[in-house]
Number of protein chains: 2
Amino acid sequence: MVTTFALLADPTRRRPVEELRAGERSVGVLVDAVGLSQPAVSKQLRVLREAGLASVRKDAQRRMYRLDPERLRELDDWLQPFRAMWEARVDALEQTLSTMED
Amino acid sequence: MVTTFALLADPTRRRPVEELRAGERSVGVLVDAVGLSQPAVSKQLRVLREAGLASVRKDAQRRMYRLDPERLRELDDWLQPFRAMWEARVDALEQTLSTMED
DNA sequence: TCAATATATGCCTTTACAGTTATATGCTGC
DNA sequence: GCAGCATATAACTGTAAAGGCATATATTGA
C-alpha cells in the first residue's frame, strides 16, 4: 500500500485533499479545482480512498467525497521528534535576542 | 525543485533523515542504515542537499551529513489546518464517553 | 425503457526516477 | 607522489505510475 508520504507527494492528490478540508465535494468540483481530466482525477481519488484518506457517499449521480484525516496523523506523529529540533533553534534565537536587549 | 512531500515519499530518502535526527552521520554509516548501494545513497543525499534538507561538512575523507530541519516546517505548516479536524473528533469522542459515565 | 448526466475503468504511451555497475574525484598518511 | 580509503558522478536499464482518450457503468427523470 501507498504510504501517507507518497500519497501527498503528488500535487494532483494533494490538491483534492486541501479542497476537501472545507467539506464534502463532488468529483466534478474537484476536477475543476485540480484542472486535469476527469479520469485522471477519479484515478487519484481512488488511490486516496484505498489508502483510507477519503470516503465516498452517493448523492444521485454524484459521488460526494469526504476527507478522512486520521491517516494524516501518521505524518504528524512522524514529524513530532523533529519538531523539537526547530523549536530548539527558535528558543536559542530568542535567547540571543533577549540577551542583546540587556 | 522537489517539494518536501516528494522528498519524504521515498523510503530511501526518509531513512537517512530519520538517522540524521540523532546527529551528524558519515555516508558510510548511512549506507549501512539504508541497506542499499553506496551510489544509490549518495544520489539521494544529493537530492536532500539540493532541497536544503541536509548539509555537509568535510572530515578528512569523510563527508559528514547534518540535518537541516527547517524545511520540515513546511510540512508542519501544511498539516496545521488538518490538525484541528482530528482534534475535533477526539473531543467529540471524549464528550461522548464522559456523557456515558453519567 | 431511453436519454442525459456523473463517475469509473481499460488500455496505451510517455516520462521520471530509482538502482546497479563501473569509474572518477578527493583526501590523507607515508 | 603514490596507495588506499571514502564519496561522487556517469551511463545505462527497468519499472512504476501519471495522464489522455475511449468507453463502460450507474443513477435519475421522463
# chains A, B, ... in the order shown; residues from 1 in each chain; ligands from 1
$ interface_residues --of "chain B" --to "chain D" --cutoff "8 Å" --atoms "only C-alpha atoms (C1' of nucleotides)" --output "list in words"
Val27, Gly28, Pro39, Ser42, Gln61, Arg62 and Arg63 of chain B
$ write_last_selection --atoms "all heavy atoms" --output "short mmCIF file (atom, residue, chain, number, x, y, z; two decimals), in the first residue's frame"
data_model
loop_
_atom_site.label_atom_id
_atom_site.label_comp_id
_atom_site.auth_asym_id
_atom_site.auth_seq_id
_atom_site.Cartn_x
_atom_site.Cartn_y
_atom_site.Cartn_z
N VAL B 27 28.57 9.21 5.28
CA VAL B 27 27.88 8.50 4.21
C VAL B 27 27.90 7.00 4.46
O VAL B 27 26.88 6.31 4.33
CB VAL B 27 28.51 8.82 2.85
CG1 VAL B 27 27.87 8.00 1.75
CG2 VAL B 27 28.37 10.31 2.55
N GLY B 28 29.06 6.50 4.86
CA GLY B 28 29.19 5.07 5.09
C GLY B 28 28.19 4.55 6.10
O GLY B 28 27.55 3.52 5.89
N PRO B 39 26.42 4.23 -4.10
CA PRO B 39 26.00 5.25 -5.07
C PRO B 39 24.52 5.63 -4.94
O PRO B 39 24.18 6.81 -5.04
CB PRO B 39 26.26 4.58 -6.42
CG PRO B 39 27.35 3.64 -6.15
CD PRO B 39 27.10 3.11 -4.76
N SER B 42 24.27 7.96 -1.99
CA SER B 42 24.90 9.25 -2.31
C SER B 42 23.98 10.10 -3.19
O SER B 42 23.89 11.32 -3.03
CB SER B 42 26.22 9.04 -3.03
OG SER B 42 27.26 8.82 -2.10
N GLN B 61 38.59 12.16 4.72
CA GLN B 61 37.95 11.61 3.52
C GLN B 61 36.44 11.51 3.66
O GLN B 61 35.73 11.27 2.71
CB GLN B 61 38.49 10.21 3.21
CG GLN B 61 39.98 10.13 3.06
CD GLN B 61 40.61 9.59 4.32
OE1 GLN B 61 40.16 9.91 5.42
NE2 GLN B 61 41.67 8.81 4.17
N ARG B 62 35.97 11.66 4.87
CA ARG B 62 34.53 11.50 5.10
C ARG B 62 33.76 12.77 4.82
O ARG B 62 34.28 13.88 4.92
CB ARG B 62 34.29 11.09 6.55
CG ARG B 62 34.89 9.76 6.90
CD ARG B 62 34.09 9.10 7.99
NE ARG B 62 34.68 7.80 8.32
CZ ARG B 62 35.72 7.66 9.15
NH1 ARG B 62 36.24 8.71 9.75
NH2 ARG B 62 36.21 6.46 9.39
N ARG B 63 32.50 12.58 4.47
CA ARG B 63 31.57 13.70 4.39
C ARG B 63 30.53 13.49 5.46
O ARG B 63 29.79 12.51 5.43
CB ARG B 63 30.89 13.76 3.01
CG ARG B 63 31.86 13.78 1.85
CD ARG B 63 32.60 15.12 1.77
NE ARG B 63 33.61 15.11 0.73
CZ ARG B 63 33.47 15.75 -0.42
NH1 ARG B 63 32.38 16.45 -0.66
NH2 ARG B 63 34.43 15.72 -1.32
#
$ residues_around --residues "A:Arg66" --least-positions-apart "6" --cutoff "6 Å" --atoms "only C-alpha atoms (C1' of nucleotides)" --output "list in words"
Glu24, Ala54 and Ser55 of chain A
$ residues_around --residues "A:Ala6" --least-positions-apart "5" --cutoff "8 Å" --atoms "only C-alpha atoms (C1' of nucleotides)" --output "PDB file with C-alpha atoms, in the first residue's frame"
ATOM      1  CA  PHE B   5       6.381  15.986   0.356  1.00  0.00           C
ATOM      2  CA  ALA B   6       8.017  14.293  -2.586  1.00  0.00           C
ATOM      3  CA  LEU B   8       9.929  12.127   2.036  1.00  0.00           C
ATOM      4  CA  ALA B   9       7.848   9.906  -0.199  1.00  0.00           C
ATOM      5  CA  ASP B  10      10.851   7.740  -0.938  1.00  0.00           C
TER       6      ASP B  10
END
$ interface_residues --of "chain B" --to "chain C" --cutoff "10 Å" --atoms "only C-alpha atoms (C1' of nucleotides)" --output "short mmCIF file (atom, residue, chain, number, x, y, z; two decimals) with N, CA, C and O atoms, in the first residue's frame"
data_model
loop_
_atom_site.label_atom_id
_atom_site.label_comp_id
_atom_site.auth_asym_id
_atom_site.auth_seq_id
_atom_site.Cartn_x
_atom_site.Cartn_y
_atom_site.Cartn_z
N ASP B 10 9.95 8.86 -0.70
CA ASP B 10 10.85 7.74 -0.94
C ASP B 10 11.52 7.28 0.36
O ASP B 10 12.23 8.04 0.99
N THR B 12 14.01 5.51 0.82
CA THR B 12 15.46 5.60 0.74
C THR B 12 15.94 7.00 1.11
O THR B 12 17.10 7.22 1.42
N LEU B 36 21.33 -0.09 1.00
CA LEU B 36 21.44 -0.08 -0.45
C LEU B 36 22.88 0.22 -0.84
O LEU B 36 23.72 0.42 0.02
N SER B 37 23.12 0.23 -2.14
CA SER B 37 24.48 0.50 -2.59
C SER B 37 24.90 1.92 -2.24
O SER B 37 24.06 2.81 -2.09
N PRO B 39 26.42 4.23 -4.10
CA PRO B 39 26.00 5.25 -5.07
C PRO B 39 24.52 5.63 -4.94
O PRO B 39 24.18 6.81 -5.04
N ALA B 40 23.69 4.64 -4.69
CA ALA B 40 22.26 4.92 -4.53
C ALA B 40 22.04 5.91 -3.40
O ALA B 40 21.31 6.90 -3.54
N VAL B 41 22.70 5.66 -2.28
CA VAL B 41 22.52 6.54 -1.12
C VAL B 41 23.09 7.93 -1.40
O VAL B 41 22.45 8.94 -1.10
N LYS B 43 23.33 9.42 -4.11
CA LYS B 43 22.42 10.11 -5.01
C LYS B 43 21.28 10.77 -4.24
O LYS B 43 20.93 11.93 -4.49
N GLN B 44 20.71 10.04 -3.32
CA GLN B 44 19.60 10.58 -2.55
C GLN B 44 20.06 11.66 -1.60
O GLN B 44 19.34 12.64 -1.36
N LYS B 58 33.17 18.52 5.64
CA LYS B 58 34.25 17.58 5.33
C LYS B 58 34.99 17.19 6.60
O LYS B 58 35.30 18.04 7.43
N ASP B 59 35.28 15.92 6.69
CA ASP B 59 36.08 15.44 7.81
C ASP B 59 37.05 14.42 7.23
O ASP B 59 36.70 13.24 7.10
N ALA B 60 38.24 14.88 6.87
CA ALA B 60 39.20 14.02 6.16
C ALA B 60 38.54 13.48 4.91
O ALA B 60 37.95 14.24 4.16
N GLN B 61 38.59 12.16 4.72
CA GLN B 61 37.95 11.61 3.52
C GLN B 61 36.44 11.51 3.66
O GLN B 61 35.73 11.27 2.71
N ARG B 62 35.97 11.66 4.87
CA ARG B 62 34.53 11.50 5.10
C ARG B 62 33.76 12.77 4.82
O ARG B 62 34.28 13.88 4.92
#
$ closest_atom_pairs --of "chain A" --to "chain B" --cutoff "12 Å" --atoms "only C-alpha atoms" --output "tab-separated table"
residue	atom	partner	partner_atom	distance
A:Val2	CA	B:Ala9	CA	9.3
A:Thr3	CA	B:Ala9	CA	7.5
A:Thr4	CA	B:Ala9	CA	8.0
A:Phe5	CA	B:Ala9	CA	4.7
A:Ala6	CA	B:Ala9	CA	4.2
A:Leu7	CA	B:Ala9	CA	7.7
A:Leu8	CA	B:Phe5	CA	6.1
A:Ala9	CA	B:Ala6	CA	4.2
A:Asp10	CA	B:Ala6	CA	7.1
A:Pro11	CA	B:Phe5	CA	9.3
A:Arg13	CA	B:Phe5	CA	11.4
A:Arg14	CA	B:Phe5	CA	9.6
A:Arg15	CA	B:Trp78	CA	11.8
A:Val17	CA	B:Phe82	CA	9.9
A:Glu18	CA	B:Phe82	CA	8.9
A:Glu19	CA	B:Phe82	CA	11.5
A:Leu20	CA	B:Phe82	CA	10.3
A:Arg21	CA	B:Phe82	CA	7.1
A:Ala22	CA	B:Phe82	CA	10.1
A:Gly23	CA	B:Met85	CA	10.8
A:Leu67	CA	B:Met85	CA	9.7
A:Asp68	CA	B:Trp86	CA	8.9
A:Pro69	CA	B:Trp86	CA	6.3
A:Glu70	CA	B:Trp86	CA	6.5
A:Arg71	CA	B:Trp86	CA	9.8
A:Leu72	CA	B:Leu79	CA	7.8
A:Arg73	CA	B:Arg83	CA	7.9
A:Glu74	CA	B:Leu79	CA	11.0
A:Leu75	CA	B:Leu79	CA	8.3
A:Asp76	CA	B:Leu79	CA	7.4
A:Asp77	CA	B:Asp76	CA	10.6
A:Trp78	CA	B:Glu18	CA	9.3
A:Leu79	CA	B:Asp76	CA	7.4
A:Gln80	CA	B:Asp76	CA	9.3
A:Pro81	CA	B:Arg21	CA	8.2
A:Phe82	CA	B:Pro69	CA	7.0
A:Arg83	CA	B:Arg73	CA	7.9
A:Ala84	CA	B:Pro69	CA	9.8
A:Met85	CA	B:Pro69	CA	6.9
A:Trp86	CA	B:Pro69	CA	6.3
A:Glu87	CA	B:Glu70	CA	9.9
A:Ala88	CA	B:Pro69	CA	10.9
A:Arg89	CA	B:Glu70	CA	9.5
A:Val90	CA	B:Glu70	CA	10.5
$ select_by_dssp --residues "chain B" --states "strand (DSSP E)" --output "list in words"
Arg25, Ser26, Ala54, Ser55, Val56, Arg57, Lys58, Asp59, Arg62, Arg63, Met64, Tyr65, Arg66 and Leu67 of chain B
$ select_by_dssp --residues "chain A" --states "alpha helix (DSSP H)" --output "ChimeraX atom specification"
/A:4-9,11-20,27-34,38-50,72-101
$ atom_distance --atom1 "atom CA of B:Gly35" --atom2 "atom CA of B:Val56"
20.8 Å
